[in-house]
Amino acid sequence: MNASDIKQLFSALAERFEKEKEQLGDLDAVLGDGDHGVSMANGFSKANEAVKESDVEDVGQLFQNAGRALMSGIGGASGPLFAMVLIELGKANLGQTELALEGFREGVTNAAASVQRLGKAERGDKTMLDVLLPVSEALQSADSLEGGLEQAARVSENAAEKTADLAAKKGRAQYVKDAGLGHPDPGATSLSLLFDTFYQVYKSEANT
């Protein structure tokens, strides 16, 4: 995936989160203050604008630009955590004109460690980490970028759904009835949408 493909990715992400914002908002209304969907749509809209205006071929720089813009567009605790995913992908790919499996794997692995440190969360706390860690682990056995993106999409969707079986130990969700049991975590769900969109764009661009 070159710079043009990454720009297409962020255009698709902006569209995806705009489309899903009501569903994400409804999910967040059960567990939090209900603004997650609007925040994610706003954040990825800003990330898309930043990437579109970036006249660089360095895919790592594009991810970093997107991460900084995303942080300014998403309020609350989610902003820095989602921005960290993009920024770590950027760090792992700085100086590269093509996204390869190694850079994607390194970025996701480092993002999991950074989110764990920044969010002070552990596996099973019902957070986006319950998606990031399984995806990071699955990527260790991937043998191509296409395979890695496909695994990330599949594993993240499954992991996000499984957060419905967890009781929240972080954020507002820990104070709602049954700590949110029976409802997937909005942040985990959003992360699965990100990985799914990543794979869909890759497939689309590979076939053009």
# chains A, B, ... in the order shown; residues from 1 in each chain; ligands from 1
$ closest_atom_pairs --of "range 135-163 of chain A" --to "range 101-114 of chain A" --cutoff "10 Å" --atoms "only C-alpha atoms" --output "JSON lines"
{"residue": "A:Val135", "atom": "CA", "partner": "A:Val108", "partner_atom": "CA", "distance": 7.8}
{"residue": "A:Ser136", "atom": "CA", "partner": "A:Thr109", "partner_atom": "CA", "distance": 5.1}
{"residue": "A:Glu137", "atom": "CA", "partner": "A:Thr109", "partner_atom": "CA", "distance": 8.0}
{"residue": "A:Ala138", "atom": "CA", "partner": "A:Arg105", "partner_atom": "CA", "distance": 9.4}
{"residue": "A:Leu139", "atom": "CA", "partner": "A:Arg105", "partner_atom": "CA", "distance": 6.0}
{"residue": "A:Gln140", "atom": "CA", "partner": "A:Arg105", "partner_atom": "CA", "distance": 7.3}
{"residue": "A:Ser141", "atom": "CA", "partner": "A:Arg105", "partner_atom": "CA", "distance": 10.0}
{"residue": "A:Ala142", "atom": "CA", "partner": "A:Leu101", "partner_atom": "CA", "distance": 8.0}
{"residue": "A:Asp143", "atom": "CA", "partner": "A:Leu101", "partner_atom": "CA", "distance": 7.7}
{"residue": "A:Ser144", "atom": "CA", "partner": "A:Leu101", "partner_atom": "CA", "distance": 5.8}
{"residue": "A:Leu145", "atom": "CA", "partner": "A:Leu101", "partner_atom": "CA", "distance": 4.3}
{"residue": "A:Glu146", "atom": "CA", "partner": "A:Leu101", "partner_atom": "CA", "distance": 8.1}
{"residue": "A:Gly147", "atom": "CA", "partner": "A:Leu101", "partner_atom": "CA", "distance": 8.7}
{"residue": "A:Gly148", "atom": "CA", "partner": "A:Leu101", "partner_atom": "CA", "distance": 6.8}
{"residue": "A:Leu149", "atom": "CA", "partner": "A:Leu101", "partner_atom": "CA", "distance": 8.6}
{"residue": "A:Ala152", "atom": "CA", "partner": "A:Val108", "partner_atom": "CA", "distance": 9.7}
$ residues_around --residues "range 1-6 of chain A" --least-positions-apart "6" --cutoff "8 Å" --atoms "only C-alpha atoms" --output "list of chain:residue names"
A:Val56, A:Glu57, A:Asp58, A:Val59, A:Leu62, A:Thr97, A:Glu98, A:Leu99, A:Ala100, A:Val201, A:Tyr202, A:Glu205
$ residues_around --residues "range 68-72 of chain A" --least-positions-apart "3" --cutoff "12 Å" --atoms "only C-alpha atoms" --output "VMD selection string"
chain A and resid 10 13 to 14 39 to 54 61 to 65 75 to 88 90
$ atom_distance --atom1 "CA of Val131 in chain A" --atom2 "CA of Ala159 in chain A"
5.3 Å
$ residues_around --residues "range 20-30 of chain A" --least-positions-apart "5" --cutoff "8 Å" --atoms "only C-alpha atoms" --output "ChimeraX atom specification"
/A:35-38,40-41,176,180,183-186,189-190
$ select_by_dssp --residues "range 43-156 of chain A" --states "alpha helix (DSSP H)" --output "ChimeraX atom specification"
/A:43-52,59-73,78-93,101-119,129-139,145-156
$ atom_distance --atom1 "CA of Thr163 in chain A" --atom2 "CA of Lys126 in chain A"
5.6 Å
$ closest_residue --among "A:Ala206, A:Ala160, A:Leu9, A:Gly187" --to "Val115 in chain A" --atoms "only C-alpha atoms"
A:Gly187
$ decode --residues "range 89-100 of chain A" --atoms "N, CA and C atoms" --output "mmCIF file, in the first residue's frame"
data_model
loop_
_atom_site.group_PDB
_atom_site.id
_atom_site.type_symbol
_atom_site.label_atom_id
_atom_site.label_comp_id
_atom_site.auth_asym_id
_atom_site.auth_seq_id
_atom_site.Cartn_x
_atom_site.Cartn_y
_atom_site.Cartn_z
ATOM 1 N N LEU A 89 1.718 3.178 14.135
ATOM 2 C CA LEU A 89 1.841 2.701 12.755
ATOM 3 C C LEU A 89 2.743 3.636 11.962
ATOM 4 N N GLY A 90 2.634 4.934 12.248
ATOM 5 C CA GLY A 90 3.497 5.901 11.594
ATOM 6 C C GLY A 90 4.955 5.719 11.957
ATOM 7 N N LYS A 91 5.240 5.584 13.234
ATOM 8 C CA LYS A 91 6.625 5.407 13.694
ATOM 9 C C LYS A 91 7.268 4.178 13.058
ATOM 10 N N ALA A 92 6.485 3.101 12.966
ATOM 11 C CA ALA A 92 7.022 1.841 12.449
ATOM 12 C C ALA A 92 7.276 1.891 10.944
ATOM 13 N N ASN A 93 6.713 2.898 10.278
ATOM 14 C CA ASN A 93 6.827 2.955 8.821
ATOM 15 C C ASN A 93 7.446 4.245 8.305
ATOM 16 N N LEU A 94 8.035 5.046 9.185
ATOM 17 C CA LEU A 94 8.669 6.288 8.750
ATOM 18 C C LEU A 94 9.771 6.003 7.736
ATOM 19 N N GLY A 95 9.772 6.776 6.662
ATOM 20 C CA GLY A 95 10.784 6.599 5.627
ATOM 21 C C GLY A 95 10.414 5.578 4.571
ATOM 22 N N GLN A 96 9.249 4.952 4.719
ATOM 23 C CA GLN A 96 8.814 3.929 3.763
ATOM 24 C C GLN A 96 7.788 4.503 2.781
ATOM 25 N N THR A 97 7.903 4.132 1.531
ATOM 26 C CA THR A 97 6.921 4.573 0.539
ATOM 27 C C THR A 97 5.868 3.497 0.292
ATOM 28 N N GLU A 98 6.033 2.340 0.920
ATOM 29 C CA GLU A 98 5.057 1.253 0.827
ATOM 30 C C GLU A 98 4.848 0.664 2.217
ATOM 31 N N LEU A 99 3.592 0.411 2.566
ATOM 32 C CA LEU A 99 3.296 -0.306 3.798
ATOM 33 C C LEU A 99 3.485 -1.787 3.535
ATOM 34 N N ALA A 100 4.340 -2.427 4.326
ATOM 35 C CA ALA A 100 4.592 -3.860 4.193
ATOM 36 C C ALA A 100 4.146 -4.562 5.475
#
